[in-house]
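Asks: Structure in structure tokens, see below.
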Amino acid sequence: MHIFRKAAVLGLIAGLGLSGAAALAADDPIATRQAIMSSVGAAAGLGGGMMKGEIAYSPAAGKAAIATAHAAALSFGDFFPAGSDQGDTGAAAPIWEDADGFAAELAKFQAATASAAQASGRSGPADIDAFKAAFGPVLGTCKSCHETYRKKN
Ligand code: HEC
């Protein structure tokens, strides 16, 4: 009982933290979406590292990579208000000029992370093969979106 009450309080604090972050995000959507994409990069580094055998596989780490990518996929699209194509951003003009196309890439990203999250279950994919099956399709979505909607360096 005590633990549950503590969890509720922590949840409340996390909730407050989130609304604080949302208030900041309104001021700097570019920084927010870049930080979200950085977290996707980190999740891909962890997941890819395990898939290549450079990092020992653990179901908990597999679950973390998937959950991070899924949270990012759900939130990323909220941070492209009109006018945020200007500034220090890698976001390319087609995001605003072809909003439907960008929405379609976002939907593919979300569908891939949602099925990975589903496959991940409570304790994460049981072994590296299960992880590859779940996370591989997520990694498959990066390139097609970046090709059109991210500026080339
Ligand atoms: C729906 C489109 C989309 C998908 C899918 C996507 N990205 Fe991105 N990504 C972007 C855009 C747009 C930017 C540039 C954001 C900006 O600079 O404002 C970006 C930027 C990045 C960055 C640089 C972040 C920074 O710090 O500036 C990394 C790293 C990254 N993406 C990794 C990934 C990986 C890994 C995947 C696949 C698992 C992925 N992305 C999938 C659209 C996408």
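Just so we're on the same page: first chain in the structure tokens is A, next is B, and so on; residues restart at 1 for each chain, and ligands are numbered from 1 in the order they show up.
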Set the distance at 7 Å and use only C-alpha atoms: which residues neighbour Gln110 (chain A) once local chain neighbours fewer than 5 positions away are removed? I'd like the list as a VMD selection string.
Replies: chain A and resid 70 73 to 74
Asks: Store the residues picked out above, limited to N, CA, C and O atoms, as a compact mmCIF listing (two decimals), in the first residue's frame.
Replies:
# COMPACT_ATOMS: atom_id res chain seq x y z
N HIS A 70 9.20 4.77 -28.79
CA HIS A 70 7.74 4.90 -28.88
C HIS A 70 7.27 6.25 -28.32
O HIS A 70 6.46 6.94 -28.94
N ALA A 73 8.12 8.86 -30.84
CA ALA A 73 7.27 8.83 -32.03
C ALA A 73 5.92 9.50 -31.74
O ALA A 73 5.36 10.18 -32.60
N LEU A 74 5.44 9.33 -30.53
CA LEU A 74 4.13 9.92 -30.18
C LEU A 74 4.21 11.42 -29.96
O LEU A 74 3.23 12.13 -30.14
Asks: Please provide as a list in words all residues within 12 Å of Ala103 (chain A), with the sequence filter that same-chain residues fewer than 3 positions apart are discarded (counting only C-alpha atoms).
Replies: Ala73, Leu74, Phe76, Gly77, Asp78, Phe80, Pro94, Ile95, Trp96, Glu97, Asp98, Ala99, Asp100, Leu106, Ala107, Lys108, Phe109, Gln110, Cys145 and Tyr149 of chain A
Asks: Emit the selected residues as a compact mmCIF listing (two decimals), in the first residue's frame, including C-alpha atoms.
Replies:
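So part.txt came out as:
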# COMPACT_ATOMS: atom_id res chain seq x y z
CA ALA A 73 7.27 8.83 -32.03
CA LEU A 74 4.13 9.92 -30.18
CA PHE A 76 7.76 14.43 -32.02
CA GLY A 77 5.04 15.69 -34.37
CA ASP A 78 3.73 18.20 -31.82
CA PHE A 80 6.54 21.81 -35.73
CA PRO A 94 8.82 19.82 -47.04
CA ILE A 95 7.62 19.30 -43.44
CA TRP A 96 5.47 22.40 -43.91
CA GLU A 97 5.09 22.28 -47.70
CA ASP A 98 4.00 18.64 -47.74
CA ALA A 99 2.41 18.25 -44.32
CA ASP A 100 0.48 15.14 -45.40
CA LEU A 106 5.25 10.02 -38.64
CA ALA A 107 2.40 7.48 -38.82
CA LYS A 108 4.81 4.79 -40.09
CA PHE A 109 7.21 5.61 -37.25
CA GLN A 110 4.38 5.42 -34.70
CA CYS A 145 11.75 10.31 -43.21
CA TYR A 149 12.20 15.90 -44.19
Asks: Counting only C-alpha atoms and all ligand atoms, what residues are within 8 Å of ligand 1, given as an MDAnalysis selection string?
Replies: chainID A and resid 30:31 33:45 69 73 76:77 85 88:92 95 102:109 138:146 149:151
Asks: Nearest residue to Ala67 (chain A) out of A:Pro137, A:Gly101, A:Pro81, A:Gly47, using only C-alpha atoms?
Replies: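 Residue with the minimum atom-to-atom distance to Ala67 (chain A): A:Gly47.
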Asks: Looking at A:Leu46, A:Thr148, A:Ala134, A:Gln118, which one is nearest to Ser58 (chain A), with distances taken over only C-alpha atoms?
Replies: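 Residue with the minimum atom-to-atom distance to Ser58 (chain A): A:Leu46.
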Asks: Grab the CA of Ala114 (chain A) to CA of Ala60 (chain A) distance for me, in Å with one decimal place.
Replies: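 That distance, rounded to one decimal, is 17.2 Å.
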Asks: To one decimal in Å, tell me the separation between CA of Ile66 (chain A) and CA of Phe135 (chain A).
Replies: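 Pair CA of Ile66 (chain A) / CA of Phe135 (chain A) returns 6.8 Å.
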Asks: Which residue is closest to Pro59 (chain A)? Choose from A:Ser75, A:Ser115, A:Ser84, A:Ser123 and count only C-alpha atoms.
Replies: A:Ser123
Asks: Interatomic distance between CA of Ile55 (chain A) and CA of Glu147 (chain A)?
Replies: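 CA of Glu147 (chain A) lies at a distance of 28.3 Å from CA of Ile55 (chain A).
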Asks: Ranking A:Thr68, A:Ala119, A:Pro29, A:Gly136 by minimum distance to Gln86 (chain A) and counting only C-alpha atoms, which one comes first?
Replies: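 Once distances to Gln86 (chain A) are computed over only C-alpha atoms, the minimum belongs to A:Pro29.
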Asks: Would you please extract all alpha helix (DSSP H) residues from region 9-138 of chain A, as assigned by DSSP on the backbone, and give them as number ranges by chain?
Replies: A: 9-27, 29-51, 59-75, 94-97, 99-120, 128-138
